[in-house]
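**Q** Structure in structure tokens, see below.
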Amino acid sequence: MKGYAMLGIGKTGWIEKERPLCGPLDAIVRPIAVSPCTSDVHTVWEGAIGDRHNMILGHEAVGEVVEVGALVRDFKCGDRVIIPAITPDWGALESQAGYSMHSGGMLAGWKFSNFKDGVFAEFFHVNEADANMAHLPADVDPVAAVMLADMVPTGFHGVELADVQFGDDVCVIGIGPVGLMSVAGAALHGAAQLLAVGSRPVCAEAARRYGATEILNYREGDIVAQVMEKTNGRGVDRVIIAGGDAECTFGEAVKMLKPGGRIGNVNYLGSGENVLIPRAEWGCGMGHKTIAGGLMPGGRLRMEKLAALLQTGRLDTLPLITHRFHGFEHMEEALLLMKNKPRDLIKPVVILD
């Protein structure tokens, strides 16, 4: 089969591989629609997970089941399914402890284009299919549903990590596709003042649509000062980090946060050795400013609940999709868009059906 792969650090291209084998609990899926992610960019061009050779990329897909293992109960060939980016081993001790995304070791629930070939192929493998796939509802657009694989659950997990409550003042740092879904999730959780930090007009427009009350442009001044101005010097109750870096962003988040507040980080820090936290603004370690960072949960139940938000009109993911391509031959073009991030980009999708 054909797949679009990381050939080595800084190199990508098409390769031929054997079609993956299907275990008794597993499924083989043909992609219908896929989307490249900034994580793919970190993987290839920054070597964030180390050198990988001939590893097929991609972890965001909606597809059609073409084979199921003998012990799979709830799926059959021909079913259209949503596959989350995180596909844990559900029997692992970490899963039983409530951290399935770390089953088998830290971040090890992230298998696609990390420990095994990803979804940018003619066929891909899904472990524990009954637990790691969800049926695509007939009334949900497959293109919209691709955003449920990673962008929506990651953005929403930032809201969960920050523990956003009704009436909270919230700042979302970074309004790419994940940050936009954090804005949407914070609005659904009842945020009051909802500040969104970003500079690209297309993202700012989408953030307003998803519920942001103010857009703070980091190119126009210090974002901490802007937050303090908007909150009359009080700061915010919650910060969600969905962009930025290890050196500056966490310091800014701590400075704008009230004592007793909480930071939820879902930004993938693909480079840098240390995360820098300002000592004094953190209350010399005693300011009750909590920092939580986590990888999105996977699983069928979560996918089904997120799909229900699309079905009921509570959430619309189509504003995230600014570029559509038809055909596998456009995979490189779509991935390079995520690398170069032109000002009119939020998220590309490659449609294969």
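Please note that chains go A, B, ... in the order of the structure tokens, that every chain numbers its residues from 1, and that ligands are numbered from 1 in the order shown.
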DSSP on the backbone: which residues in segment 71-146 of chain A end up as alpha helix (DSSP H)? Give the answer as a VMD selection string.

**A** chain A and resid 93 to 96 129 to 132 142 to 146

**Q** A:Ala242, A:Leu216, A:Val227, A:Leu21: which is nearest Gly69 of chain A, counting only C-alpha atoms?

**A** A:Leu21

**Q** For the structure I just gave you, how does DSSP split segment 185-272 of chain A - specifically, which residues are strand (DSSP E)? Reply as a PyMOL selection string.

**A** chain A and resi 194-197+214-216+236-241+257-265

**Q** Which residues are near segment 253-263 of chain A? Cut-off 7 Å, only C-alpha atoms, ignore same chain within fewer than 3 positions. Put them as a ChimeraX atom specification.

**A** /A:162,224,227-228,234-240,249-250,281-282,287-292

**Q** Give me the residues near Ala33 of chain A as a ChimeraX atom specification, where near means some atom within 6 Å (using only C-alpha atoms) and where sequence neighbours in that chain fewer than 6 positions away do not count.

**A** /A:61-62,350-352

**Q** If you count only C-alpha atoms, which residues fall within 8 Å of Asn54 of chain A, apart from same-chain ones fewer than 4 positions away, as a list in words?

**A**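 Listing them by chain and then by number gives Ala5, Met6, Leu7, Gly8 and Ile15 of chain A.
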
**Q** Using only C-alpha atoms, find each residue of segment 127-199 of chain A with at least one atom at most 10 Å away from an atom of segment 310-327 of chain A; report its shortest atom-to-atom pair and that distance in Å (one decimal), sort the rows by chain and rising residue number, and return the result as CSV.

**A**
```
residue,atom,partner,partner_atom,distance
A:Pro137,CA,A:Gln311,CA,8.1
A:Ala138,CA,A:Gln311,CA,9.6
A:Asp139,CA,A:Gln311,CA,7.0
A:Val140,CA,A:Gln311,CA,6.5
A:Asp141,CA,A:Leu310,CA,9.2
A:Val143,CA,A:Leu318,CA,7.8
A:Ala144,CA,A:Leu318,CA,5.5
A:Ala145,CA,A:Thr317,CA,7.8
A:Val146,CA,A:Thr317,CA,9.0
A:Met147,CA,A:Thr317,CA,6.6
A:Leu148,CA,A:Thr317,CA,8.4
A:Met151,CA,A:Thr317,CA,9.3
A:Val152,CA,A:Thr317,CA,8.2
A:Gly176,CA,A:Leu320,CA,8.8
A:Pro177,CA,A:Leu320,CA,6.2
A:Val178,CA,A:Leu320,CA,9.5
A:Leu180,CA,A:Leu320,CA,8.1
A:Met181,CA,A:Thr317,CA,8.5
A:Ala184,CA,A:Leu315,CA,7.8
A:Gly185,CA,A:Leu315,CA,9.1
A:Leu188,CA,A:Arg314,CA,8.4
```

**Q** Print the selection's residues with C-alpha atoms to a file, as an mmCIF file, in the first residue's frame.

**A**
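Printed below is result_11.cif as written:
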```cif
data_model
loop_
_atom_site.group_PDB
_atom_site.id
_atom_site.type_symbol
_atom_site.label_atom_id
_atom_site.label_comp_id
_atom_site.auth_asym_id
_atom_site.auth_seq_id
_atom_site.Cartn_x
_atom_site.Cartn_y
_atom_site.Cartn_z
ATOM 1 C CA PRO A 137 -23.536 9.393 12.505
ATOM 2 C CA ALA A 138 -25.254 9.467 9.121
ATOM 3 C CA ASP A 139 -26.190 13.136 9.564
ATOM 4 C CA VAL A 140 -22.643 14.307 10.366
ATOM 5 C CA ASP A 141 -20.390 15.527 7.554
ATOM 6 C CA VAL A 143 -15.145 16.551 6.837
ATOM 7 C CA ALA A 144 -16.542 18.200 9.973
ATOM 8 C CA ALA A 145 -16.046 14.951 11.896
ATOM 9 C CA VAL A 146 -12.293 14.859 11.182
ATOM 10 C CA MET A 147 -11.955 17.714 13.670
ATOM 11 C CA LEU A 148 -13.290 15.365 16.363
ATOM 12 C CA MET A 151 -8.708 19.396 17.485
ATOM 13 C CA VAL A 152 -11.975 19.299 19.424
ATOM 14 C CA GLY A 176 -5.058 28.031 16.070
ATOM 15 C CA PRO A 177 -7.528 25.168 15.644
ATOM 16 C CA VAL A 178 -6.920 23.697 19.112
ATOM 17 C CA LEU A 180 -10.349 27.867 18.900
ATOM 18 C CA MET A 181 -11.867 24.679 20.278
ATOM 19 C CA ALA A 184 -15.684 27.057 22.090
ATOM 20 C CA GLY A 185 -15.386 24.696 25.058
ATOM 21 C CA LEU A 188 -19.982 25.985 26.543
#
```

**Q** Nearest to Gly105 of chain A: which of A:Phe156, A:Asp89, A:Ala196, A:Phe120 is it, counting only C-alpha atoms?

**A**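 The shortest atom-to-atom distance to Gly105 of chain A comes from A:Asp89.
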
**Q** Any idea what's packed within 12 Å of Glu46 of chain A, counting only C-alpha atoms, ignoring anything in its chain fewer than 6 positions away? Could you give it as a list of chain:residue names?

**A**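 With the cut-off at 12 Å, the set is A:Met6, A:Gly8, A:Ile9, A:Gly10, A:Lys11, A:Thr38, A:Ser39, A:Asp40, A:Arg52, A:Leu269, A:Gly270, A:Ser271, A:Gly272, A:Lys339.
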
**Q** Work out how far apart atom CA of Ser100 of chain A and atom CA of Gly155 of chain A are and give it in Å to one decimal.

**A**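 Atom-to-atom, atom CA of Ser100 of chain A to atom CA of Gly155 of chain A, that is 17.8 Å.
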
**Q** Between A:Thr87, A:Asn132, A:Asn127, A:Asn265, which has the minimum distance to Ala108 of chain A (counting only C-alpha atoms)?

**A** A:Thr87

**Q** What's the separation between atom CA of Ser113 of chain A and atom CA of Gly179 of chain A, in Å to one decimal place?

**A** 22.3 Å

**Q** Using only C-alpha atoms, which residues sit within 6 Å of segment 300-306 of chain A once same-chain residues fewer than 3 positions away are excluded, as a list in words?

**A**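 With the cut-off at 6 Å, the set is Ala131, Asn132, Met133, Ala134 and Leu309 of chain A.
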
**Q** Produce a file of the selected residues containing N, CA, C and O atoms, as a CSV table (one decimal), in the first residue's frame.

**A**
```
chain,number,residue,atom,x,y,z
A,131,ALA,N,-13.2,-0.2,21.4
A,131,ALA,CA,-13.0,0.9,22.4
A,131,ALA,C,-12.4,2.1,21.7
A,131,ALA,O,-12.5,3.2,22.3
A,132,ASN,N,-11.8,2.0,20.6
A,132,ASN,CA,-11.0,3.1,20.0
A,132,ASN,C,-11.6,3.6,18.7
A,132,ASN,O,-11.0,4.5,18.0
A,133,MET,N,-12.8,3.2,18.3
A,133,MET,CA,-13.5,3.8,17.1
A,133,MET,C,-14.9,4.1,17.6
A,133,MET,O,-15.5,3.6,18.5
A,134,ALA,N,-15.5,5.1,16.9
A,134,ALA,CA,-16.9,5.4,17.1
A,134,ALA,C,-17.6,5.5,15.7
A,134,ALA,O,-17.0,5.9,14.7
A,309,LEU,N,-22.5,16.6,19.9
A,309,LEU,CA,-22.5,18.1,19.9
A,309,LEU,C,-22.7,18.6,18.4
A,309,LEU,O,-23.3,19.7,18.2
```

**Q** Using only C-alpha atoms for the distances, tell me which of A:Gly13, A:Pro297, A:Gly47, A:Pro20 is nearest to Leu107 of chain A.

**A**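 Going through A:Gly13, A:Pro297, A:Gly47, A:Pro20 one by one, the smallest distance to Leu107 of chain A is for A:Pro297.
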
**Q** For a quick check of understanding, using only C-alpha atoms, which of A:Asp245, A:Glu273, A:Gly299, A:Arg200 has the smallest distance to Trp90 of chain A?

**A**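 Ranking A:Asp245, A:Glu273, A:Gly299, A:Arg200 by distance to Trp90 of chain A, first place goes to A:Gly299.
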